[in-house]
$ cat upload38.cif   # mmCIF, C-alpha atoms
data_input
#
loop_
_atom_site.group_PDB
_atom_site.id
_atom_site.type_symbol
_atom_site.label_atom_id
_atom_site.label_comp_id
_atom_site.auth_asym_id
_atom_site.auth_seq_id
_atom_site.Cartn_x
_atom_site.Cartn_y
_atom_site.Cartn_z
ATOM 1 C CA MET A 1 29.199 20.081 61.794
ATOM 2 C CA ASN A 2 27.397 17.022 63.035
ATOM 3 C CA THR A 3 23.853 17.535 64.193
ATOM 4 C CA THR A 4 21.547 15.346 66.180
ATOM 5 C CA GLU A 5 17.886 15.026 65.362
ATOM 6 C CA ARG A 6 15.789 16.911 67.893
ATOM 7 C CA LYS A 7 12.692 15.236 69.297
ATOM 8 C CA GLU A 8 10.063 16.383 71.712
ATOM 9 C CA VAL A 9 10.317 15.015 75.231
ATOM 10 C CA VAL A 10 7.317 12.874 76.144
ATOM 11 C CA ILE A 11 6.041 11.459 79.414
ATOM 12 C CA VAL A 12 6.373 7.698 79.144
ATOM 13 C CA GLY A 13 3.059 5.895 79.427
ATOM 14 C CA ALA A 14 0.971 9.061 79.223
ATOM 15 C CA GLU A 15 -1.607 10.093 76.647
ATOM 16 C CA GLN A 16 -3.952 13.005 76.074
ATOM 17 C CA LYS A 17 -7.378 13.412 74.540
ATOM 18 C CA GLN A 18 -10.105 15.989 74.138
ATOM 19 C CA VAL A 19 -13.302 15.319 76.065
ATOM 20 C CA LYS A 20 -16.354 17.487 75.526
ATOM 21 C CA SER A 21 -18.693 18.365 78.351
ATOM 22 C CA ARG A 22 -22.358 17.598 77.830
ATOM 23 C CA PHE A 23 -23.166 20.382 80.282
ATOM 24 C CA GLU A 24 -21.070 23.228 78.845
ATOM 25 C CA ALA A 25 -20.182 24.112 75.263
ATOM 26 C CA LYS A 26 -16.458 23.397 75.649
ATOM 27 C CA GLU A 27 -13.811 20.707 75.571
ATOM 28 C CA TYR A 28 -11.256 19.763 78.171
ATOM 29 C CA GLN A 29 -7.732 18.544 77.580
ATOM 30 C CA ILE A 30 -7.486 15.286 79.489
ATOM 31 C CA PHE A 31 -4.090 13.819 80.335
ATOM 32 C CA VAL A 32 -3.892 10.188 81.480
ATOM 33 C CA SER A 33 -1.029 8.132 82.880
ATOM 34 C CA LYS A 34 -1.462 4.417 83.564
ATOM 35 C CA PRO A 35 0.944 2.372 85.695
ATOM 36 C CA SER A 36 3.190 -0.068 83.865
ATOM 37 C CA SER A 37 2.508 -2.782 86.435
ATOM 38 C CA GLU A 38 -0.449 -5.132 86.241
ATOM 39 C CA PRO A 39 -3.566 -3.842 88.015
ATOM 40 C CA PRO A 40 -4.651 -5.283 91.366
ATOM 41 C CA GLU A 41 -7.656 -7.604 91.316
ATOM 42 C CA ASN A 42 -10.030 -4.721 92.096
ATOM 43 C CA GLY A 43 -8.357 -2.338 89.665
ATOM 44 C CA TYR A 44 -6.002 0.623 89.937
ATOM 45 C CA PRO A 45 -6.621 3.470 92.346
ATOM 46 C CA ILE A 46 -7.242 6.697 90.406
ATOM 47 C CA ILE A 47 -6.306 10.319 91.121
ATOM 48 C CA TYR A 48 -8.050 13.187 89.322
ATOM 49 C CA VAL A 49 -5.796 16.261 89.202
ATOM 50 C CA LEU A 50 -7.111 19.760 88.485
ATOM 51 C CA ASP A 51 -5.077 22.428 86.636
ATOM 52 C CA ALA A 52 -3.363 19.614 84.760
ATOM 53 C CA ASN A 53 -1.546 21.951 82.353
ATOM 54 C CA SER A 54 0.586 23.088 85.264
ATOM 55 C CA ILE A 55 1.161 19.989 87.355
ATOM 56 C CA PHE A 56 0.263 16.753 85.560
ATOM 57 C CA GLY A 57 3.875 15.927 84.675
ATOM 58 C CA THR A 58 5.045 16.543 88.233
ATOM 59 C CA VAL A 59 2.423 14.217 89.688
ATOM 60 C CA VAL A 60 3.116 11.495 87.119
ATOM 61 C CA GLU A 61 6.878 11.471 87.644
ATOM 62 C CA ALA A 62 6.497 11.518 91.429
ATOM 63 C CA MET A 63 4.099 8.576 91.187
ATOM 64 C CA ARG A 64 6.310 6.670 88.738
ATOM 65 C CA LEU A 65 9.412 6.994 90.898
ATOM 66 C CA GLN A 66 7.854 6.347 94.282
ATOM 67 C CA SER A 67 5.380 3.616 93.372
ATOM 68 C CA GLY A 68 8.296 1.553 92.076
ATOM 69 C CA ARG A 69 9.330 1.056 95.721
ATOM 70 C CA SER A 70 5.955 0.908 97.419
ATOM 71 C CA GLU A 71 7.350 -1.062 100.336
ATOM 72 C CA LYS A 72 9.652 1.882 101.138
ATOM 73 C CA THR A 73 7.542 4.890 100.137
ATOM 74 C CA GLY A 74 3.996 3.754 100.909
ATOM 75 C CA VAL A 75 2.915 4.925 97.441
ATOM 76 C CA VAL A 76 0.968 2.380 95.389
ATOM 77 C CA PRO A 77 0.660 2.592 91.574
ATOM 78 C CA ALA A 78 -2.356 4.631 90.488
ATOM 79 C CA ILE A 79 -3.855 6.065 87.335
ATOM 80 C CA ILE A 80 -3.364 9.828 87.113
ATOM 81 C CA VAL A 81 -6.066 11.747 85.264
ATOM 82 C CA GLY A 82 -5.223 15.389 84.642
ATOM 83 C CA ILE A 83 -8.113 17.714 83.832
ATOM 84 C CA GLY A 84 -6.794 20.637 81.824
ATOM 85 C CA TYR A 85 -7.606 22.969 78.985
ATOM 86 C CA PRO A 86 -6.511 23.295 75.332
ATOM 87 C CA VAL A 87 -4.019 26.076 76.136
ATOM 88 C CA ASP A 88 -0.216 26.363 76.127
ATOM 89 C CA THR A 89 -0.039 28.180 79.476
ATOM 90 C CA PRO A 90 0.100 26.606 82.946
ATOM 91 C CA PHE A 91 -3.296 28.018 83.913
ATOM 92 C CA SER A 92 -6.439 28.807 81.943
ATOM 93 C CA VAL A 93 -8.839 31.615 82.791
ATOM 94 C CA GLU A 94 -11.562 28.959 82.530
ATOM 95 C CA ARG A 95 -10.584 27.729 85.981
ATOM 96 C CA TYR A 96 -12.403 30.694 87.557
ATOM 97 C CA TYR A 97 -15.641 29.454 86.053
ATOM 98 C CA ASP A 98 -15.167 25.740 86.622
ATOM 99 C CA PHE A 99 -13.923 25.869 90.208
ATOM 100 C CA THR A 100 -16.444 28.272 91.758
ATOM 101 C CA PHE A 101 -20.130 28.293 92.586
ATOM 102 C CA PRO A 102 -22.282 31.303 91.618
ATOM 103 C CA SER A 103 -21.615 34.538 93.513
ATOM 104 C CA THR A 104 -22.361 38.194 92.977
ATOM 105 C CA ASN A 105 -19.342 40.394 92.322
ATOM 106 C CA GLU A 106 -20.101 42.275 95.538
ATOM 107 C CA GLU A 107 -19.492 39.084 97.551
ATOM 108 C CA LEU A 108 -16.051 38.425 96.094
ATOM 109 C CA PRO A 109 -12.677 39.779 97.265
ATOM 110 C CA LEU A 110 -11.099 42.595 95.298
ATOM 111 C CA SER A 111 -9.144 41.404 92.287
ATOM 112 C CA PRO A 112 -5.367 42.041 92.661
ATOM 113 C CA SER A 113 -5.383 43.611 89.191
ATOM 114 C CA GLY A 114 -8.223 45.962 90.077
ATOM 115 C CA ARG A 115 -10.229 44.651 87.134
ATOM 116 C CA ALA A 116 -13.399 42.588 87.259
ATOM 117 C CA TRP A 117 -12.984 38.879 87.925
ATOM 118 C CA PRO A 118 -13.299 36.530 84.939
ATOM 119 C CA LYS A 119 -16.561 34.688 84.412
ATOM 120 C CA HIS A 120 -17.259 32.446 87.394
ATOM 121 C CA GLY A 121 -19.917 30.200 88.909
ATOM 122 C CA GLY A 122 -19.812 26.986 86.843
ATOM 123 C CA ALA A 123 -18.722 24.464 89.503
ATOM 124 C CA GLU A 124 -21.973 22.491 89.458
ATOM 125 C CA ASN A 125 -21.630 21.664 85.767
ATOM 126 C CA PHE A 126 -17.905 21.001 86.127
ATOM 127 C CA LEU A 127 -18.586 18.477 88.881
ATOM 128 C CA ARG A 128 -21.234 16.864 86.669
ATOM 129 C CA PHE A 129 -18.698 16.707 83.833
ATOM 130 C CA ILE A 130 -16.270 14.802 86.046
ATOM 131 C CA GLU A 131 -18.903 12.455 87.417
ATOM 132 C CA GLU A 132 -21.059 11.835 84.340
ATOM 133 C CA ASP A 133 -18.727 12.397 81.366
ATOM 134 C CA LEU A 134 -15.141 11.783 82.428
ATOM 135 C CA LYS A 135 -15.439 8.998 84.978
ATOM 136 C CA PRO A 136 -17.392 6.662 82.661
ATOM 137 C CA ILE A 137 -14.649 7.037 80.036
ATOM 138 C CA MET A 138 -11.960 6.157 82.581
ATOM 139 C CA HIS A 139 -13.962 3.175 83.829
ATOM 140 C CA ARG A 140 -14.474 1.983 80.254
ATOM 141 C CA ASP A 141 -10.861 2.341 79.133
ATOM 142 C CA PHE A 142 -9.031 1.252 82.296
ATOM 143 C CA HIS A 143 -9.405 -1.216 85.136
ATOM 144 C CA VAL A 144 -10.322 1.246 87.898
ATOM 145 C CA ASP A 145 -11.023 0.539 91.555
ATOM 146 C CA GLN A 146 -14.112 2.676 92.036
ATOM 147 C CA ASN A 147 -13.658 2.500 95.814
ATOM 148 C CA LYS A 148 -10.266 4.249 95.621
ATOM 149 C CA GLN A 149 -10.878 7.540 93.831
ATOM 150 C CA THR A 150 -9.105 10.778 94.742
ATOM 151 C CA ILE A 151 -9.484 14.386 93.624
ATOM 152 C CA PHE A 152 -6.614 16.848 94.046
ATOM 153 C CA GLY A 153 -6.771 20.620 93.534
ATOM 154 C CA HIS A 154 -4.843 23.713 94.575
ATOM 155 C CA SER A 155 -5.917 27.314 95.272
ATOM 156 C CA LEU A 156 -9.266 27.787 93.503
ATOM 157 C CA GLY A 157 -8.914 24.105 92.674
ATOM 158 C CA GLY A 158 -8.607 23.438 96.400
ATOM 159 C CA LEU A 159 -11.784 25.414 96.959
ATOM 160 C CA PHE A 160 -13.521 23.268 94.345
ATOM 161 C CA VAL A 161 -12.311 20.074 96.033
ATOM 162 C CA LEU A 162 -13.774 21.133 99.384
ATOM 163 C CA SER A 163 -16.974 22.393 97.771
ATOM 164 C CA ALA A 164 -17.388 19.099 95.909
ATOM 165 C CA LEU A 165 -16.990 17.280 99.217
ATOM 166 C CA LEU A 166 -19.712 19.414 100.777
ATOM 167 C CA VAL A 167 -22.098 19.099 97.832
ATOM 168 C CA LYS A 168 -21.541 15.447 96.763
ATOM 169 C CA PRO A 169 -19.381 13.738 99.385
ATOM 170 C CA HIS A 170 -19.639 10.231 97.929
ATOM 171 C CA THR A 171 -18.163 11.224 94.553
ATOM 172 C CA PHE A 172 -14.635 10.419 95.793
ATOM 173 C CA GLN A 173 -13.135 8.588 98.737
ATOM 174 C CA THR A 174 -10.210 11.004 99.145
ATOM 175 C CA TYR A 175 -10.230 14.800 98.857
ATOM 176 C CA ILE A 176 -6.940 16.740 98.712
ATOM 177 C CA ALA A 177 -7.163 20.536 98.894
ATOM 178 C CA GLY A 178 -3.978 22.583 98.662
ATOM 179 C CA SER A 179 -4.149 26.238 99.729
ATOM 180 C CA PRO A 180 -7.947 26.283 99.309
ATOM 181 C CA SER A 181 -9.351 29.726 98.448
ATOM 182 C CA ILE A 182 -12.093 29.625 101.065
ATOM 183 C CA HIS A 183 -11.984 33.430 101.143
ATOM 184 C CA TRP A 184 -13.426 33.565 97.597
ATOM 185 C CA ASN A 185 -16.903 33.618 99.125
ATOM 186 C CA LYS A 186 -16.940 32.657 102.789
ATOM 187 C CA ARG A 187 -20.687 33.180 103.103
ATOM 188 C CA LEU A 188 -21.422 30.688 100.356
ATOM 189 C CA PHE A 189 -18.856 28.207 101.691
ATOM 190 C CA SER A 190 -20.454 28.427 105.143
ATOM 191 C CA GLN A 191 -23.863 27.840 103.600
ATOM 192 C CA LEU A 192 -22.648 24.704 101.814
ATOM 193 C CA GLU A 193 -21.010 23.555 105.031
ATOM 194 C CA GLU A 194 -24.217 23.990 107.035
ATOM 195 C CA GLN A 195 -26.076 21.811 104.540
ATOM 196 C CA PHE A 196 -23.302 19.222 104.729
ATOM 197 C CA GLN A 197 -23.362 19.260 108.526
ATOM 198 C CA GLU A 198 -27.038 18.358 108.469
ATOM 199 C CA LYS A 199 -26.281 15.503 106.057
ATOM 200 C CA ALA A 200 -23.443 14.258 108.286
ATOM 201 C CA ARG A 201 -25.850 14.063 111.225
ATOM 202 C CA LYS A 202 -28.037 11.617 109.312
ATOM 203 C CA GLU A 203 -25.421 9.369 107.721
ATOM 204 C CA LYS A 204 -21.817 8.283 108.125
ATOM 205 C CA ILE A 205 -19.629 9.966 105.508
ATOM 206 C CA ASN A 206 -16.461 7.898 105.298
ATOM 207 C CA VAL A 207 -13.930 9.981 103.360
ATOM 208 C CA ASN A 208 -10.310 11.026 103.834
ATOM 209 C CA VAL A 209 -9.467 14.721 103.588
ATOM 210 C CA LEU A 210 -6.059 16.407 103.350
ATOM 211 C CA ILE A 211 -6.010 20.197 103.676
ATOM 212 C CA SER A 212 -2.636 21.869 103.282
ATOM 213 C CA VAL A 213 -1.027 25.302 102.999
ATOM 214 C CA GLY A 214 2.430 26.806 102.772
ATOM 215 C CA GLU A 215 3.781 28.399 105.921
ATOM 216 C CA LEU A 216 4.497 31.681 104.121
ATOM 217 C CA GLU A 217 0.865 32.008 103.055
ATOM 218 C CA LYS A 218 -0.043 33.028 106.588
ATOM 219 C CA HIS A 219 1.087 36.551 105.727
ATOM 220 C CA HIS A 220 -1.543 36.955 102.993
ATOM 221 C CA LYS A 221 -4.513 39.184 103.708
ATOM 222 C CA SER A 222 -6.905 36.411 102.663
ATOM 223 C CA GLY A 223 -6.286 34.558 105.927
ATOM 224 C CA MET A 224 -5.442 31.457 103.901
ATOM 225 C CA ASN A 225 -3.807 29.458 106.687
ATOM 226 C CA ASP A 226 -6.320 30.310 109.404
ATOM 227 C CA ASN A 227 -9.240 29.552 107.089
ATOM 228 C CA ALA A 228 -7.753 26.178 106.131
ATOM 229 C CA PHE A 229 -6.852 25.203 109.691
ATOM 230 C CA GLN A 230 -10.246 26.155 111.081
ATOM 231 C CA CYS A 231 -11.963 24.312 108.238
ATOM 232 C CA SER A 232 -9.997 21.145 108.987
ATOM 233 C CA ASN A 233 -11.029 21.293 112.650
ATOM 234 C CA ARG A 234 -14.689 21.715 111.757
ATOM 235 C CA PHE A 235 -14.545 18.827 109.302
ATOM 236 C CA LYS A 236 -13.182 16.558 112.040
ATOM 237 C CA LYS A 237 -16.263 17.327 114.122
ATOM 238 C CA TYR A 238 -18.431 16.026 111.275
ATOM 239 C CA GLY A 239 -16.778 12.623 111.605
ATOM 240 C CA LEU A 240 -14.459 12.919 108.598
ATOM 241 C CA HIS A 241 -10.891 11.589 108.570
ATOM 242 C CA VAL A 242 -8.980 14.857 108.222
ATOM 243 C CA GLU A 243 -5.312 15.791 108.190
ATOM 244 C CA PHE A 244 -4.020 19.360 108.127
ATOM 245 C CA LYS A 245 -0.477 20.060 106.931
ATOM 246 C CA GLU A 246 1.423 23.351 106.837
ATOM 247 C CA PHE A 247 4.632 23.096 104.799
ATOM 248 C CA GLU A 248 7.554 24.993 106.290
ATOM 249 C CA ASP A 249 9.130 27.819 104.217
ATOM 250 C CA GLU A 250 6.727 27.346 101.288
ATOM 251 C CA GLY A 251 4.527 29.916 99.574
ATOM 252 C CA HIS A 252 1.364 29.694 97.505
ATOM 253 C CA LEU A 253 3.029 28.206 94.402
ATOM 254 C CA SER A 254 6.146 26.558 95.825
ATOM 255 C CA VAL A 255 3.969 24.491 98.163
ATOM 256 C CA LEU A 256 2.834 22.429 95.184
ATOM 257 C CA LEU A 257 6.046 20.389 95.008
ATOM 258 C CA PRO A 258 6.072 19.014 98.578
ATOM 259 C CA LEU A 259 2.282 18.751 98.436
ATOM 260 C CA VAL A 260 2.456 16.380 95.462
ATOM 261 C CA ASN A 261 4.614 13.977 97.465
ATOM 262 C CA LYS A 262 2.253 14.181 100.401
ATOM 263 C CA ALA A 263 -0.800 13.809 98.150
ATOM 264 C CA ILE A 264 0.251 10.595 96.432
ATOM 265 C CA ARG A 265 1.096 9.004 99.780
ATOM 266 C CA PHE A 266 -2.140 10.204 101.343
ATOM 267 C CA SER A 267 -4.210 8.875 98.465
ATOM 268 C CA SER A 268 -2.595 5.462 98.867
ATOM 269 C CA VAL A 269 -4.087 5.049 102.332
ATOM 270 C CA VAL A 270 -7.778 4.434 101.636
#
$ encode --input "upload38.cif" --output "structure tokens"
Amino acid sequence: MNTTERKEVVIVGAEQKQVKSRFEAKEYQIFVSKPSSEPPENGYPIIYVLDANSIFGTVVEAMRLQSGRSEKTGVVPAIIVGIGYPVDTPFSVERYYDFTFPSTNEELPLSPSGRAWPKHGGAENFLRFIEEDLKPIMHRDFHVDQNKQTIFGHSLGGLFVLSALLVKPHTFQTYIAGSPSIHWNKRLFSQLEEQFQEKARKEKINVNVLISVGELEKHHKSGMNDNAFQCSNRFKKYGLHVEFKEFEDEGHLSVLLPLVNKAIRFSSVV
């Protein structure tokens, strides 16, 4: 019987590397995809994607297909940087720590499993890792337009995206938060927002923000859709450029696919 040699499928033009945080004793699995076209004079736009183990490939293929016809799709070629973990599963438990700011267990919602939540509260150091460890590597290795930087996260990752905006709004020019878990600690989120509001009174904060949810998430006890919609309205009052999008017939996980298409278009308009 004839056999054909089996080879692993690879994402064309993509690479991965381990990058250690100077602020935590751990390494991240970083996935990078660079456009095949020549960079613009000012460099490529760049999109940082959280939970890369689960969605990096989807974002890269969507970008590769659509940026090939920019005049039709409105999507321009961009570097995709996936921030993941050295695991074989779509999600790592480390995300609870990296995507959240410190809270007491009494302030958090009940865990669906009934068990204690994993270790949490490391968002400050994770944001420093992105800004002070990861970004310099990307700027060294690639021709990056530092005025066209996007961060994209979903669920707890969406919460981190919005929190990063509130804490250090000039870190990125575009913030994309899918199904943000604002309910994780609404008191803390409100506190961060109050501090941001005071900052927005004193200076113009020129960023683009996309907040999205799936229509079917409105049935969840967390109040996901109402929280996201109300947040988007408040952000508009602070002078931010904000778009809210609810995807019809999509739930918490299925919303990721249409959101990726929306995200790469949204990040192209900076």
$ closest_residue --input "upload38.cif" --among "A:Ser267, A:Ser54, A:Ser190, A:Asn105" --to "A:Pro77" --atoms "all atoms listed in the file"
A:Ser267
$ residues_around --input "upload38.cif" --residues "A:Val10" --least-positions-apart "5" --cutoff "12 Å" --atoms "all atoms listed in the file" --output "list in words"
Glu15, Gln16, Ser33, Gly57, Val60 and Glu61 of chain A
$ write_last_selection --input "upload38.cif" --atoms "C-alpha atoms" --output "short mmCIF file (atom, residue, chain, number, x, y, z; two decimals), keeping the file's coordinate frame"
data_model
loop_
_atom_site.label_atom_id
_atom_site.label_comp_id
_atom_site.auth_asym_id
_atom_site.auth_seq_id
_atom_site.Cartn_x
_atom_site.Cartn_y
_atom_site.Cartn_z
CA GLU A 15 -1.61 10.09 76.65
CA GLN A 16 -3.95 13.00 76.07
CA SER A 33 -1.03 8.13 82.88
CA GLY A 57 3.88 15.93 84.68
CA VAL A 60 3.12 11.50 87.12
CA GLU A 61 6.88 11.47 87.64
#
$ closest_residue --input "upload38.cif" --among "A:Lys236, A:His241, A:Lys221, A:Arg187" --to "A:Val207" --atoms "only C-alpha atoms"
A:His241
$ resolve_selection --input "upload38.cif" --expression "the PyMOL selection byres ((chain A and resi 62) around 12)" --output "PyMOL selection string"
chain A and resi 33+55-61+63-69+73+75-78+80+257-265
$ residues_around --input "upload38.cif" --residues "A:Pro40" --least-positions-apart "2" --cutoff "10 Å" --atoms "all atoms listed in the file" --output "list in words"
Ser37, Glu38, Asn42, Gly43, Tyr44, Pro45, Pro77, His143, Val144 and Asp145 of chain A
$ resolve_selection --input "upload38.cif" --expression "the PyMOL selection byres ((chain A and resi 147-150) around 8)" --output "PyMOL selection string"
chain A and resi 44-48+145-146+151-152+172-176+267+270
$ closest_residue --input "upload38.cif" --among "A:Gln197, A:Ser212, A:Ser268, A:Thr171" --to "A:Arg234" --atoms "all atoms listed in the file"
A:Gln197
$ closest_residue --input "upload38.cif" --among "A:Leu216, A:Leu210, A:Leu188, A:Ala25" --to "A:Gly121" --atoms "only C-alpha atoms"
A:Leu188
$ resolve_selection --input "upload38.cif" --expression "the PyMOL selection byres ((chain A and resi 50) around 12)" --output "number ranges by chain"
A: 28-31, 47-49, 51-56, 59, 80-85, 90-92, 94-95, 98-99, 126-127, 130, 150-161, 175-178
$ closest_residue --input "upload38.cif" --among "A:Leu110, A:Ala14, A:Leu253, A:Leu240" --to "A:Leu166" --atoms "all atoms listed in the file"
A:Leu240
$ closest_residue --input "upload38.cif" --among "A:Ala123, A:Val9, A:Pro169, A:Ser222" --to "A:Glu203" --atoms "all atoms listed in the file"
A:Pro169
$ atom_distance --input "upload38.cif" --atom1 "atom CA of A:Gly214" --atom2 "atom CA of A:Asp249"
6.9 Å
$ atom_distance --input "upload38.cif" --atom1 "atom CA of A:Trp117" --atom2 "atom CA of A:Leu165"
24.7 Å
$ axis_aligned_box --input "upload38.cif" --around "stretch 87-105 of chain A" --padding-each-side "3 Å" --output "AutoDock Vina command-line options"
--center_x -11.1 --center_y 33.1 --center_z 84.8 --size_x 28.5 --size_y 20.7 --size_z 23.4
$ residues_near_point --input "upload38.cif" --point "(-15.2, 32.3, 88.3)" --cutoff "6 Å" --atoms "only C-alpha atoms" --output "MDAnalysis selection string"
chainID A and resid 96:97 100 118:121
$ atom_distance --input "upload38.cif" --atom1 "atom CA of A:Arg201" --atom2 "atom CA of A:Glu243"
20.8 Å
$ residues_near_point --input "upload38.cif" --point "(-12.1, 8.5, 81.0)" --cutoff "10 Å" --atoms "all atoms listed in the file" --output "count of residues only"
17
$ build_atoms --input "upload38.cif" --residues "stretch 15-26 of chain A" --atoms "N, CA, C and O atoms" --output "PDB file, in the coordinates of the input"
ATOM      1  N   GLU A  15      -0.899   9.736  77.872  1.00  0.00           N
ATOM      2  CA  GLU A  15      -1.607  10.093  76.647  1.00  0.00           C
ATOM      3  C   GLU A  15      -2.529  11.272  76.942  1.00  0.00           C
ATOM      4  O   GLU A  15      -2.774  11.619  78.104  1.00  0.00           O
ATOM      5  N   GLN A  16      -3.011  11.914  75.884  1.00  0.00           N
ATOM      6  CA  GLN A  16      -3.952  13.005  76.074  1.00  0.00           C
ATOM      7  C   GLN A  16      -5.064  12.908  75.053  1.00  0.00           C
ATOM      8  O   GLN A  16      -4.896  12.349  73.969  1.00  0.00           O
ATOM      9  N   LYS A  17      -6.221  13.440  75.423  1.00  0.00           N
ATOM     10  CA  LYS A  17      -7.378  13.412  74.540  1.00  0.00           C
ATOM     11  C   LYS A  17      -8.280  14.592  74.875  1.00  0.00           C
ATOM     12  O   LYS A  17      -8.204  15.171  75.961  1.00  0.00           O
ATOM     13  N   GLN A  18      -9.106  14.948  73.928  1.00  0.00           N
ATOM     14  CA  GLN A  18     -10.105  15.989  74.138  1.00  0.00           C
ATOM     15  C   GLN A  18     -11.411  15.319  74.563  1.00  0.00           C
ATOM     16  O   GLN A  18     -11.845  14.348  73.937  1.00  0.00           O
ATOM     17  N   VAL A  19     -12.011  15.825  75.614  1.00  0.00           N
ATOM     18  CA  VAL A  19     -13.302  15.319  76.065  1.00  0.00           C
ATOM     19  C   VAL A  19     -14.254  16.491  76.202  1.00  0.00           C
ATOM     20  O   VAL A  19     -13.964  17.458  76.912  1.00  0.00           O
ATOM     21  N   LYS A  20     -15.374  16.400  75.528  1.00  0.00           N
ATOM     22  CA  LYS A  20     -16.354  17.487  75.526  1.00  0.00           C
ATOM     23  C   LYS A  20     -17.357  17.296  76.652  1.00  0.00           C
ATOM     24  O   LYS A  20     -17.829  16.194  76.914  1.00  0.00           O
ATOM     25  N   SER A  21     -17.686  18.386  77.298  1.00  0.00           N
ATOM     26  CA  SER A  21     -18.693  18.365  78.351  1.00  0.00           C
ATOM     27  C   SER A  21     -20.082  18.388  77.738  1.00  0.00           C
ATOM     28  O   SER A  21     -20.355  19.150  76.811  1.00  0.00           O
ATOM     29  N   ARG A  22     -20.962  17.554  78.268  1.00  0.00           N
ATOM     30  CA  ARG A  22     -22.358  17.598  77.830  1.00  0.00           C
ATOM     31  C   ARG A  22     -23.122  18.728  78.510  1.00  0.00           C
ATOM     32  O   ARG A  22     -24.263  19.014  78.154  1.00  0.00           O
ATOM     33  N   PHE A  23     -22.477  19.381  79.480  1.00  0.00           N
ATOM     34  CA  PHE A  23     -23.166  20.382  80.282  1.00  0.00           C
ATOM     35  C   PHE A  23     -22.693  21.801  79.996  1.00  0.00           C
ATOM     36  O   PHE A  23     -23.293  22.771  80.440  1.00  0.00           O
ATOM     37  N   GLU A  24     -21.593  21.929  79.268  1.00  0.00           N
ATOM     38  CA  GLU A  24     -21.070  23.228  78.845  1.00  0.00           C
ATOM     39  C   GLU A  24     -20.582  23.088  77.399  1.00  0.00           C
ATOM     40  O   GLU A  24     -20.167  22.012  76.989  1.00  0.00           O
ATOM     41  N   ALA A  25     -20.613  24.155  76.668  1.00  0.00           N
ATOM     42  CA  ALA A  25     -20.182  24.112  75.263  1.00  0.00           C
ATOM     43  C   ALA A  25     -18.668  24.278  75.175  1.00  0.00           C
ATOM     44  O   ALA A  25     -18.155  25.272  74.636  1.00  0.00           O
ATOM     45  N   LYS A  26     -17.917  23.317  75.723  1.00  0.00           N
ATOM     46  CA  LYS A  26     -16.458  23.397  75.649  1.00  0.00           C
ATOM     47  C   LYS A  26     -15.836  22.026  75.847  1.00  0.00           C
ATOM     48  O   LYS A  26     -16.481  21.086  76.341  1.00  0.00           O
TER      49      LYS A  26
END
